[in-house]
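For reference, target-v2.txt (compact mmCIF, N, CA and C atoms):
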# COMPACT_ATOMS: atom_id res chain seq x y z
N MET A 1 44.75 54.99 7.34
CA MET A 1 44.95 56.40 7.14
C MET A 1 46.20 56.90 7.86
N ASN A 2 46.48 56.37 9.03
CA ASN A 2 47.64 56.83 9.77
C ASN A 2 48.96 56.37 9.16
N VAL A 3 48.89 55.39 8.25
CA VAL A 3 50.09 54.87 7.61
C VAL A 3 49.93 55.01 6.09
N SER A 4 49.61 56.20 5.65
CA SER A 4 49.37 56.42 4.23
C SER A 4 50.63 56.75 3.44
N GLY A 5 51.75 56.93 4.13
CA GLY A 5 52.99 57.27 3.45
C GLY A 5 53.48 56.24 2.46
N PRO A 6 53.61 54.95 2.85
CA PRO A 6 54.12 53.96 1.89
C PRO A 6 53.28 53.84 0.60
N PRO A 7 51.94 53.77 0.68
CA PRO A 7 51.21 53.69 -0.59
C PRO A 7 51.31 54.98 -1.41
N LEU A 8 51.36 56.13 -0.73
CA LEU A 8 51.52 57.39 -1.47
C LEU A 8 52.88 57.42 -2.16
N LEU A 9 53.91 56.97 -1.47
CA LEU A 9 55.25 56.93 -2.05
C LEU A 9 55.27 56.04 -3.30
N LYS A 10 54.63 54.91 -3.22
CA LYS A 10 54.56 53.99 -4.36
C LYS A 10 53.88 54.67 -5.55
N ALA A 11 52.76 55.32 -5.30
CA ALA A 11 52.03 56.01 -6.37
C ALA A 11 52.87 57.16 -6.94
N TRP A 12 53.57 57.90 -6.08
CA TRP A 12 54.40 59.02 -6.52
C TRP A 12 55.52 58.52 -7.43
N LYS A 13 56.15 57.40 -7.05
CA LYS A 13 57.22 56.81 -7.88
C LYS A 13 56.66 56.39 -9.24
N GLN A 14 55.48 55.78 -9.24
CA GLN A 14 54.87 55.36 -10.51
C GLN A 14 54.55 56.57 -11.37
N PHE A 15 54.03 57.62 -10.77
CA PHE A 15 53.71 58.84 -11.51
C PHE A 15 54.98 59.43 -12.14
N LEU A 16 56.04 59.52 -11.36
CA LEU A 16 57.28 60.10 -11.88
C LEU A 16 57.86 59.25 -12.99
N ALA A 17 57.78 57.94 -12.85
CA ALA A 17 58.28 57.03 -13.90
C ALA A 17 57.49 57.23 -15.19
N MET A 18 56.19 57.38 -15.09
CA MET A 18 55.36 57.63 -16.28
C MET A 18 55.74 58.94 -16.94
N GLN A 19 56.04 59.95 -16.17
CA GLN A 19 56.39 61.25 -16.71
C GLN A 19 57.72 61.21 -17.46
N GLN A 20 58.64 60.37 -17.00
CA GLN A 20 59.94 60.28 -17.66
C GLN A 20 59.82 59.62 -19.03
N VAL A 21 58.82 58.78 -19.22
CA VAL A 21 58.60 58.13 -20.50
C VAL A 21 58.07 59.14 -21.51
N ASN A 22 57.31 60.10 -21.06
CA ASN A 22 56.68 61.09 -21.92
C ASN A 22 57.61 62.28 -22.10
N ALA A 23 58.04 62.53 -23.33
CA ALA A 23 58.96 63.63 -23.61
C ALA A 23 58.32 64.98 -23.32
N LEU A 24 57.02 65.06 -23.38
CA LEU A 24 56.31 66.32 -23.12
C LEU A 24 55.77 66.34 -21.71
N ARG A 25 56.54 65.87 -20.77
CA ARG A 25 56.05 65.73 -19.40
C ARG A 25 55.58 67.06 -18.82
N PRO A 26 54.46 67.04 -18.13
CA PRO A 26 53.97 68.27 -17.51
C PRO A 26 54.79 68.61 -16.27
N GLU A 27 54.68 69.82 -15.82
CA GLU A 27 55.30 70.18 -14.55
C GLU A 27 54.69 69.28 -13.48
N ARG A 28 55.48 68.86 -12.54
CA ARG A 28 54.95 67.95 -11.54
C ARG A 28 54.96 68.58 -10.15
N GLY A 29 53.96 68.26 -9.41
CA GLY A 29 53.83 68.71 -8.04
C GLY A 29 52.95 67.72 -7.31
N LEU A 30 53.02 67.72 -6.02
CA LEU A 30 52.25 66.77 -5.21
C LEU A 30 51.35 67.54 -4.27
N VAL A 31 50.07 67.16 -4.28
CA VAL A 31 49.09 67.75 -3.39
C VAL A 31 48.50 66.63 -2.53
N VAL A 32 48.52 66.82 -1.23
CA VAL A 32 47.93 65.85 -0.30
C VAL A 32 46.72 66.52 0.34
N LEU A 33 45.58 65.90 0.18
CA LEU A 33 44.33 66.39 0.75
C LEU A 33 44.04 65.56 1.99
N HIS A 34 43.76 66.23 3.11
CA HIS A 34 43.56 65.50 4.37
C HIS A 34 42.54 66.19 5.26
N ASP A 35 42.06 65.45 6.25
CA ASP A 35 41.15 66.03 7.23
C ASP A 35 41.96 66.80 8.27
N GLU A 36 41.33 67.76 8.89
CA GLU A 36 42.01 68.57 9.89
C GLU A 36 41.07 68.81 11.07
N MET A 37 41.36 68.16 12.18
CA MET A 37 40.48 68.25 13.35
C MET A 37 40.56 69.59 14.07
N GLU A 38 41.67 70.25 13.97
CA GLU A 38 41.85 71.51 14.71
C GLU A 38 41.27 72.71 13.96
N THR A 39 40.60 72.45 12.86
CA THR A 39 40.04 73.51 12.03
C THR A 39 38.53 73.35 11.97
N ASP A 40 37.83 74.47 11.94
CA ASP A 40 36.37 74.43 11.87
C ASP A 40 35.90 73.63 10.66
N PRO A 41 34.80 72.91 10.80
CA PRO A 41 34.29 72.10 9.70
C PRO A 41 34.12 72.90 8.41
N GLY A 42 34.65 72.33 7.32
CA GLY A 42 34.53 72.93 6.00
C GLY A 42 35.56 74.00 5.67
N LYS A 43 36.33 74.46 6.67
CA LYS A 43 37.34 75.50 6.42
C LYS A 43 38.63 74.85 5.90
N LEU A 44 39.25 75.49 4.91
CA LEU A 44 40.48 74.96 4.34
C LEU A 44 41.71 75.59 4.99
N THR A 45 42.75 74.78 5.10
CA THR A 45 44.08 75.30 5.42
C THR A 45 45.00 74.80 4.32
N VAL A 46 45.83 75.67 3.82
CA VAL A 46 46.75 75.32 2.75
C VAL A 46 48.16 75.61 3.23
N ARG A 47 48.98 74.58 3.19
CA ARG A 47 50.38 74.75 3.61
C ARG A 47 51.27 74.16 2.53
N ARG A 48 52.35 74.85 2.26
CA ARG A 48 53.26 74.43 1.22
C ARG A 48 54.54 73.89 1.84
N GLY A 49 55.09 72.86 1.24
CA GLY A 49 56.39 72.33 1.64
C GLY A 49 56.31 71.13 2.56
N GLY A 50 57.33 70.31 2.47
CA GLY A 50 57.39 69.08 3.26
C GLY A 50 58.01 69.25 4.63
N THR A 51 58.49 70.45 4.92
CA THR A 51 59.12 70.65 6.22
C THR A 51 58.18 71.33 7.21
N THR A 52 56.97 71.69 6.75
CA THR A 52 56.03 72.30 7.69
C THR A 52 55.49 71.23 8.63
N SER A 53 55.04 71.65 9.77
CA SER A 53 54.55 70.74 10.80
C SER A 53 53.36 69.93 10.31
N ALA A 54 53.30 68.68 10.74
CA ALA A 54 52.16 67.82 10.45
C ALA A 54 51.01 68.12 11.41
N LYS A 55 51.25 68.98 12.38
CA LYS A 55 50.25 69.36 13.38
C LYS A 55 49.61 68.15 14.05
N GLY A 56 50.40 67.13 14.33
CA GLY A 56 49.90 65.95 15.02
C GLY A 56 49.14 64.97 14.15
N HIS A 57 49.01 65.25 12.86
CA HIS A 57 48.26 64.38 11.95
C HIS A 57 49.14 63.20 11.56
N ASN A 58 48.79 62.01 12.03
CA ASN A 58 49.63 60.84 11.80
C ASN A 58 49.77 60.47 10.33
N GLY A 59 48.72 60.68 9.55
CA GLY A 59 48.80 60.39 8.12
C GLY A 59 49.80 61.30 7.43
N ILE A 60 49.80 62.58 7.78
CA ILE A 60 50.75 63.53 7.20
C ILE A 60 52.16 63.21 7.67
N LYS A 61 52.32 62.84 8.94
CA LYS A 61 53.64 62.43 9.43
C LYS A 61 54.16 61.26 8.61
N SER A 62 53.30 60.29 8.34
CA SER A 62 53.67 59.11 7.57
C SER A 62 54.08 59.48 6.15
N VAL A 63 53.32 60.36 5.52
CA VAL A 63 53.63 60.80 4.16
C VAL A 63 54.99 61.49 4.13
N GLN A 64 55.19 62.44 5.04
CA GLN A 64 56.45 63.18 5.05
C GLN A 64 57.64 62.25 5.33
N ALA A 65 57.48 61.34 6.28
CA ALA A 65 58.58 60.43 6.61
C ALA A 65 58.90 59.51 5.44
N SER A 66 57.87 59.01 4.76
CA SER A 66 58.10 58.11 3.62
C SER A 66 58.79 58.83 2.47
N LEU A 67 58.32 60.01 2.14
CA LEU A 67 58.93 60.76 1.04
C LEU A 67 60.38 61.15 1.37
N LYS A 68 60.60 61.64 2.59
CA LYS A 68 61.96 62.03 3.00
C LYS A 68 62.88 60.82 3.03
N GLY A 69 62.39 59.71 3.62
CA GLY A 69 63.20 58.51 3.75
C GLY A 69 63.64 57.94 2.41
N ALA A 70 62.82 58.11 1.39
CA ALA A 70 63.15 57.61 0.06
C ALA A 70 63.87 58.66 -0.78
N GLY A 71 64.10 59.84 -0.21
CA GLY A 71 64.73 60.91 -0.96
C GLY A 71 63.85 61.41 -2.10
N MET A 72 62.52 61.32 -1.91
CA MET A 72 61.57 61.65 -2.97
C MET A 72 60.70 62.85 -2.62
N MET A 73 61.09 63.62 -1.62
CA MET A 73 60.29 64.79 -1.24
C MET A 73 60.35 65.82 -2.36
N PRO A 74 59.19 66.24 -2.85
CA PRO A 74 59.20 67.28 -3.89
C PRO A 74 59.80 68.57 -3.33
N PRO A 75 60.28 69.44 -4.22
CA PRO A 75 60.77 70.74 -3.76
C PRO A 75 59.67 71.46 -2.97
N GLU A 76 60.09 72.33 -2.06
CA GLU A 76 59.14 73.04 -1.19
C GLU A 76 58.02 73.72 -1.96
N ASP A 77 58.34 74.27 -3.13
CA ASP A 77 57.32 75.00 -3.88
C ASP A 77 56.44 74.08 -4.74
N ARG A 78 56.69 72.76 -4.65
CA ARG A 78 55.91 71.81 -5.45
C ARG A 78 55.16 70.78 -4.58
N PHE A 79 55.12 71.02 -3.28
CA PHE A 79 54.43 70.10 -2.37
C PHE A 79 53.44 70.91 -1.53
N MET A 80 52.18 70.54 -1.63
CA MET A 80 51.13 71.28 -0.94
C MET A 80 50.26 70.31 -0.14
N LYS A 81 49.91 70.75 1.06
CA LYS A 81 48.96 69.99 1.89
C LYS A 81 47.71 70.84 2.05
N ILE A 82 46.58 70.27 1.67
CA ILE A 82 45.31 70.96 1.83
C ILE A 82 44.52 70.22 2.90
N GLY A 83 44.28 70.90 4.01
CA GLY A 83 43.48 70.32 5.09
C GLY A 83 42.06 70.84 5.01
N ILE A 84 41.11 69.95 5.14
CA ILE A 84 39.70 70.34 5.21
C ILE A 84 39.25 70.11 6.64
N GLY A 85 38.83 71.19 7.28
CA GLY A 85 38.41 71.11 8.67
C GLY A 85 37.23 70.18 8.88
N ILE A 86 37.34 69.37 9.94
CA ILE A 86 36.24 68.49 10.31
C ILE A 86 35.82 68.74 11.76
N GLY A 87 36.54 69.58 12.47
CA GLY A 87 36.23 69.85 13.86
C GLY A 87 36.57 68.66 14.75
N ARG A 88 36.13 68.73 15.97
CA ARG A 88 36.40 67.67 16.96
C ARG A 88 35.11 66.97 17.34
N PRO A 89 35.22 65.79 17.96
CA PRO A 89 34.02 65.11 18.46
C PRO A 89 33.28 66.00 19.46
N ALA A 90 32.02 65.68 19.68
CA ALA A 90 31.21 66.43 20.65
C ALA A 90 31.97 66.58 21.96
N GLY A 91 31.97 67.77 22.50
CA GLY A 91 32.66 68.04 23.75
C GLY A 91 34.15 68.28 23.58
N GLY A 92 34.65 68.19 22.34
CA GLY A 92 36.07 68.44 22.08
C GLY A 92 37.00 67.35 22.55
N SER A 93 36.47 66.14 22.72
CA SER A 93 37.27 65.03 23.24
C SER A 93 38.54 64.79 22.42
N ARG A 94 39.59 64.42 23.12
CA ARG A 94 40.85 64.04 22.49
C ARG A 94 41.16 62.56 22.75
N GLU A 95 40.21 61.87 23.35
CA GLU A 95 40.38 60.43 23.62
C GLU A 95 40.47 59.68 22.30
N SER A 96 41.42 58.77 22.20
CA SER A 96 41.68 58.04 20.97
C SER A 96 40.43 57.38 20.39
N ARG A 97 39.67 56.69 21.23
CA ARG A 97 38.49 55.98 20.69
C ARG A 97 37.40 56.96 20.25
N ASP A 98 37.25 58.10 20.95
CA ASP A 98 36.28 59.11 20.53
C ASP A 98 36.68 59.73 19.19
N VAL A 99 37.97 60.02 19.07
CA VAL A 99 38.47 60.60 17.83
C VAL A 99 38.28 59.63 16.67
N SER A 100 38.65 58.36 16.87
CA SER A 100 38.50 57.35 15.82
C SER A 100 37.04 57.20 15.40
N ALA A 101 36.16 57.11 16.38
CA ALA A 101 34.74 56.96 16.06
C ALA A 101 34.22 58.18 15.30
N PHE A 102 34.69 59.35 15.67
CA PHE A 102 34.26 60.58 15.01
C PHE A 102 34.76 60.63 13.57
N VAL A 103 36.05 60.37 13.37
CA VAL A 103 36.65 60.46 12.04
C VAL A 103 36.08 59.39 11.10
N LEU A 104 35.84 58.20 11.63
CA LEU A 104 35.38 57.09 10.79
C LEU A 104 33.87 56.95 10.74
N GLY A 105 33.15 57.76 11.52
CA GLY A 105 31.70 57.66 11.58
C GLY A 105 30.99 58.27 10.38
N GLN A 106 29.70 58.09 10.35
CA GLN A 106 28.86 58.65 9.29
C GLN A 106 28.78 60.16 9.43
N LEU A 107 28.76 60.85 8.29
CA LEU A 107 28.59 62.30 8.30
C LEU A 107 27.13 62.66 8.50
N THR A 108 26.89 63.72 9.21
CA THR A 108 25.53 64.25 9.29
C THR A 108 25.27 64.98 7.97
N SER A 109 24.03 65.29 7.69
CA SER A 109 23.72 65.99 6.45
C SER A 109 24.39 67.37 6.43
N ARG A 110 24.46 68.01 7.59
CA ARG A 110 25.11 69.32 7.68
C ARG A 110 26.61 69.20 7.40
N GLU A 111 27.25 68.18 7.95
CA GLU A 111 28.68 67.96 7.72
C GLU A 111 28.93 67.67 6.24
N LYS A 112 28.07 66.87 5.65
CA LYS A 112 28.21 66.53 4.24
C LYS A 112 28.09 67.79 3.38
N GLU A 113 27.14 68.65 3.67
CA GLU A 113 26.97 69.90 2.93
C GLU A 113 28.21 70.77 3.05
N GLY A 114 28.79 70.83 4.25
CA GLY A 114 29.99 71.63 4.45
C GLY A 114 31.17 71.10 3.64
N LEU A 115 31.30 69.78 3.58
CA LEU A 115 32.39 69.19 2.80
C LEU A 115 32.17 69.40 1.30
N GLU A 116 30.94 69.31 0.87
CA GLU A 116 30.64 69.54 -0.54
C GLU A 116 30.96 70.98 -0.93
N ALA A 117 30.64 71.91 -0.06
CA ALA A 117 30.96 73.32 -0.33
C ALA A 117 32.47 73.52 -0.36
N ALA A 118 33.18 72.83 0.52
CA ALA A 118 34.65 72.95 0.55
C ALA A 118 35.27 72.41 -0.73
N ALA A 119 34.61 71.47 -1.39
CA ALA A 119 35.15 70.90 -2.63
C ALA A 119 35.35 71.98 -3.68
N PHE A 120 34.47 72.95 -3.74
CA PHE A 120 34.62 74.04 -4.71
C PHE A 120 35.84 74.89 -4.37
N GLU A 121 36.08 75.08 -3.09
CA GLU A 121 37.27 75.83 -2.68
C GLU A 121 38.54 75.07 -3.01
N VAL A 122 38.51 73.75 -2.80
CA VAL A 122 39.67 72.91 -3.13
C VAL A 122 39.95 73.02 -4.63
N GLU A 123 38.90 72.96 -5.44
CA GLU A 123 39.07 73.08 -6.88
C GLU A 123 39.75 74.41 -7.24
N ALA A 124 39.32 75.50 -6.62
CA ALA A 124 39.92 76.80 -6.90
C ALA A 124 41.39 76.84 -6.49
N VAL A 125 41.71 76.26 -5.34
CA VAL A 125 43.11 76.21 -4.88
C VAL A 125 43.95 75.42 -5.88
N LEU A 126 43.42 74.28 -6.35
CA LEU A 126 44.17 73.45 -7.29
C LEU A 126 44.39 74.16 -8.62
N LEU A 127 43.38 74.84 -9.11
CA LEU A 127 43.53 75.59 -10.37
C LEU A 127 44.57 76.70 -10.22
N ASN A 128 44.56 77.39 -9.09
CA ASN A 128 45.58 78.41 -8.84
C ASN A 128 46.97 77.80 -8.75
N GLU A 129 47.07 76.63 -8.14
CA GLU A 129 48.36 75.96 -8.00
C GLU A 129 48.89 75.51 -9.36
N ILE A 130 48.02 74.99 -10.20
CA ILE A 130 48.44 74.59 -11.55
C ILE A 130 48.97 75.79 -12.31
N ALA A 131 48.28 76.90 -12.23
CA ALA A 131 48.72 78.13 -12.89
C ALA A 131 50.05 78.61 -12.31
N ARG A 132 50.20 78.56 -10.98
CA ARG A 132 51.44 79.01 -10.33
C ARG A 132 52.63 78.17 -10.77
N ILE A 133 52.45 76.84 -10.76
CA ILE A 133 53.55 75.96 -11.15
C ILE A 133 53.90 76.18 -12.62
N GLY A 134 52.91 76.43 -13.44
CA GLY A 134 53.16 76.69 -14.85
C GLY A 134 53.98 77.94 -15.09
N ARG A 135 53.96 78.87 -14.14
CA ARG A 135 54.73 80.11 -14.27
C ARG A 135 56.17 79.96 -13.75
N LEU A 136 56.44 78.89 -13.03
CA LEU A 136 57.79 78.71 -12.43
C LEU A 136 58.84 78.45 -13.49
Transcribe the structure of this file into structure tokens.
Amino acid sequence: MNVSGPPLLKAWKQFLAMQQVNALRPERGLVVLHDEMETDPGKLTVRRGGTTSAKGHNGIKSVQASLKGAGMMPPEDRFMKIGIGIGRPAGGSRESRDVSAFVLGQLTSREKEGLEAAAFEVEAVLLNEIARIGRL
């Protein structure tokens, strides 16, 4: 997860290549969905553009570095990061092993319910984004 930039870049290049083959190519934009520890569980944060801070998220840093390094960063108005809050480990620990265990551990039923509810919000954000890009 912390090194998700190279595989995302590969997929983005493949997507763009497919669009060039199709004369009726749709408007293109990139949305990255990620966890966000500094946000309350289930709460969404939406940020647009590749120059906004990764807020310490190593996966987002990797994505931004890979896209920028390859000269493939989408325009600011076509790149969106959607963070879904997961909160912090019990006691708010910032210790690497506590954070890893928390992020990679099993969800409680309450956490799962919160993420499922957030999925509807993500869907609404994506539908709004598709409509917005279509108006550009």
- So what do you get for CA of Ser93 (chain A) versus atom C of Glu38 (chain A), distance-wise? 12.7 Å
- Hey, what does DSSP flag as helix (DSSP H, G or I) within chain A? Can you give it to me as a PyMOL selection string? chain A and resi 5-21+58-69+76-78+90-92+96-104+109-135
- Task: Return the single residue from A:Met73, A:Met80, A:Val63, A:Thr108 that is closest to Arg47 (chain A), with distances computed using only C-alpha atoms.
- Result: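 Of the candidates, the smallest distance to Arg47 (chain A) is held by A:Met80.
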- Message: To one decimal place in Å, what is the distance between CA of Val122 (chain A) and CA of Asp98 (chain A)?
- Response: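 Separation of CA of Val122 (chain A) and CA of Asp98 (chain A): 27.6 Å.
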- Message: With only C-alpha atoms as the counted atoms, please give the residues lying no more than 9 Å from region 43-45 of chain A, apart from itself and same-chain residues fewer than 2 positions off, as a VMD selection string.
- Response: chain A and resid 36 39 to 41 47 81 to 86 114 to 115 118 121 to 122
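Here the question is which of A:Leu8, A:Val103, A:Ala124, A:Glu111 gets nearest to Leu67 (chain A) using all atoms listed in the file, and that residue is A:Leu8.
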